[in-house]
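See below for the structure under consideration.
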Amino acid sequence: MYLIKADNSSKELERNVVGFLKKKKIKYSYDSGDIALIIGGDDFILRVVGEFSKVVPVLGIHDGSSFFAEANSLNFGNYIELIEKKQYKLRERTRLVASVDGKQSSLALNDIGIFPTKTATLLRYSLKIDDEVFWKDTSDGIIIASPVGSTGYAFSAGGPIVLGDPDIFCLTLTIRISRSP
């Protein structure tokens, strides 16, 4: 069964996907499923994936520019038919979670940014991996990115691009520069 999640700006595309599923007599739900059809842009796809409590294969569907959507309004039916025939390959992606002051973030597919709440202050942090202190430092902020997220916010802050799907994370320290008029 397919789980369908759609953002408010993709209602027509959602109607087309649901119509296709009904025509093919394929079961779907808006509450749960074995494979998620997420209809919307990258920000919506990332938010929905972050809300999942368990790992679920995802097919992103979007008509605009997208890094995460594989399908669009012209070809989503082909993808669903391939899934139905079990003619697909899953690509596993590393997700991350952060704990700050005892509060745990939701799962993130791309990156997590941690910054002080007050401007013009430094952030003192200890980076722990599996409860072992890996690094201690002070900076304006830190961005922890998975390989998927390395091309976004972390890259724009000066971090590296990680190609492929290695089991690594990128750490990018940020420095805010302000100029007086």
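Here's how to read the names in the structure tokens: chain A, B, ... by the order shown, residue numbers from 1 in each chain, ligand numbers from 1 in the order shown.
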- Message: Residues near region 41-57 of chain A, anyone? I mean within 12 Å using only C-alpha atoms, not counting same-chain ones fewer than 2 positions away, as a PyMOL selection string.
- Response: chain A and resi 1-10+13+31-39+59-72+83+88-97+105-112+148-149+152
Which of region 54-83 of chain A DSSP labels helix (DSSP H, G or I), written as a compact mmCIF listing (two decimals) with N, CA and C atoms, in the first residue's frame:
```txt
# COMPACT_ATOMS: atom_id res chain seq x y z
N PHE A 76 5.23 9.92 -13.53
CA PHE A 76 5.02 9.24 -12.24
C PHE A 76 4.37 7.88 -12.42
N GLY A 77 3.48 7.75 -13.40
CA GLY A 77 2.81 6.47 -13.65
C GLY A 77 3.79 5.37 -14.02
N ASN A 78 4.80 5.72 -14.82
CA ASN A 78 5.83 4.74 -15.18
C ASN A 78 6.57 4.25 -13.94
N TYR A 79 6.90 5.17 -13.03
CA TYR A 79 7.59 4.80 -11.81
C TYR A 79 6.73 3.88 -10.95
N ILE A 80 5.47 4.22 -10.80
CA ILE A 80 4.57 3.40 -9.97
C ILE A 80 4.41 2.01 -10.58
N GLU A 81 4.31 1.93 -11.90
CA GLU A 81 4.21 0.61 -12.55
C GLU A 81 5.47 -0.21 -12.32
N LEU A 82 6.64 0.42 -12.36
CA LEU A 82 7.89 -0.30 -12.08
C LEU A 82 7.92 -0.79 -10.62
N ILE A 83 7.43 0.05 -9.71
CA ILE A 83 7.37 -0.36 -8.31
C ILE A 83 6.44 -1.56 -8.16
```
- Within region 113-172 of chain A, find each residue whose DSSP state, derived from the backbone, is strand (DSSP E or B), and express the selection as a PyMOL selection string. chain A and resi 113-114+123-129+132-139+141-145+170-172
- Task: May I ask for the distance between CA of Ala157 (chain A) and CA of Phe115 (chain A), given in Å to one decimal place?
- Result: 13.2 Å
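The two atoms in question, CA of Tyr28 (chain A) and CA of Leu74 (chain A), are spaced 20.1 Å apart.
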- Query: If you count only C-alpha atoms, which residues fall within 6 Å of Ile143 (chain A), apart from same-chain ones fewer than 5 positions away, as an MDAnalysis selection string?
  - Reply: chainID A and resid 112:113 171:172
Could you take the residues named above and write them with N, CA, C and O atoms, as a PDB file, in the first residue's frame?
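Writing the result to again_28.pdb gives the following:
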```pdb
ATOM      1  N   ILE A 112      21.822  19.509   9.623  1.00  0.00           N
ATOM      2  CA  ILE A 112      21.325  20.113  10.856  1.00  0.00           C
ATOM      3  C   ILE A 112      22.251  21.286  11.166  1.00  0.00           C
ATOM      4  O   ILE A 112      23.473  21.135  11.199  1.00  0.00           O
ATOM      5  N   GLY A 113      21.662  22.455  11.352  1.00  0.00           N
ATOM      6  CA  GLY A 113      22.435  23.641  11.713  1.00  0.00           C
ATOM      7  C   GLY A 113      22.177  23.992  13.169  1.00  0.00           C
ATOM      8  O   GLY A 113      21.037  23.983  13.623  1.00  0.00           O
ATOM      9  N   LEU A 171      31.332  18.397   8.607  1.00  0.00           N
ATOM     10  CA  LEU A 171      31.177  19.410   9.642  1.00  0.00           C
ATOM     11  C   LEU A 171      31.668  20.730   9.072  1.00  0.00           C
ATOM     12  O   LEU A 171      32.800  20.827   8.612  1.00  0.00           O
ATOM     13  N   THR A 172      30.819  21.729   9.102  1.00  0.00           N
ATOM     14  CA  THR A 172      31.187  23.044   8.596  1.00  0.00           C
ATOM     15  C   THR A 172      30.956  24.048   9.707  1.00  0.00           C
ATOM     16  O   THR A 172      29.841  24.178  10.213  1.00  0.00           O
TER      17      THR A 172
END
```
- Enter the distance from CA of Leu122 (chain A) to CA of Asp140 (chain A), in Å, rounded to one decimal. 5.0 Å
- Task: For Cys170 (chain A), please output as a ChimeraX atom specification all residues within 10 Å (counting only C-alpha atoms; exclusion window: fewer than 6 positions along the same chain).
- Result: /A:111,143-147,149-150,154-155,159-162
Counting only C-alpha atoms, which residues in region 11-103 of chain A sit no more than 10 Å from region 126-134 of chain A? For each one, give the nearest pair of atoms and the distance in Å, sorted by chain then residue number, as JSON lines.
```
{"residue": "A:Ala98", "atom": "CA", "partner": "A:Lys128", "partner_atom": "CA", "distance": 9.5}
{"residue": "A:Ser99", "atom": "CA", "partner": "A:Lys128", "partner_atom": "CA", "distance": 9.5}
{"residue": "A:Val100", "atom": "CA", "partner": "A:Ser126", "partner_atom": "CA", "distance": 10.0}
```
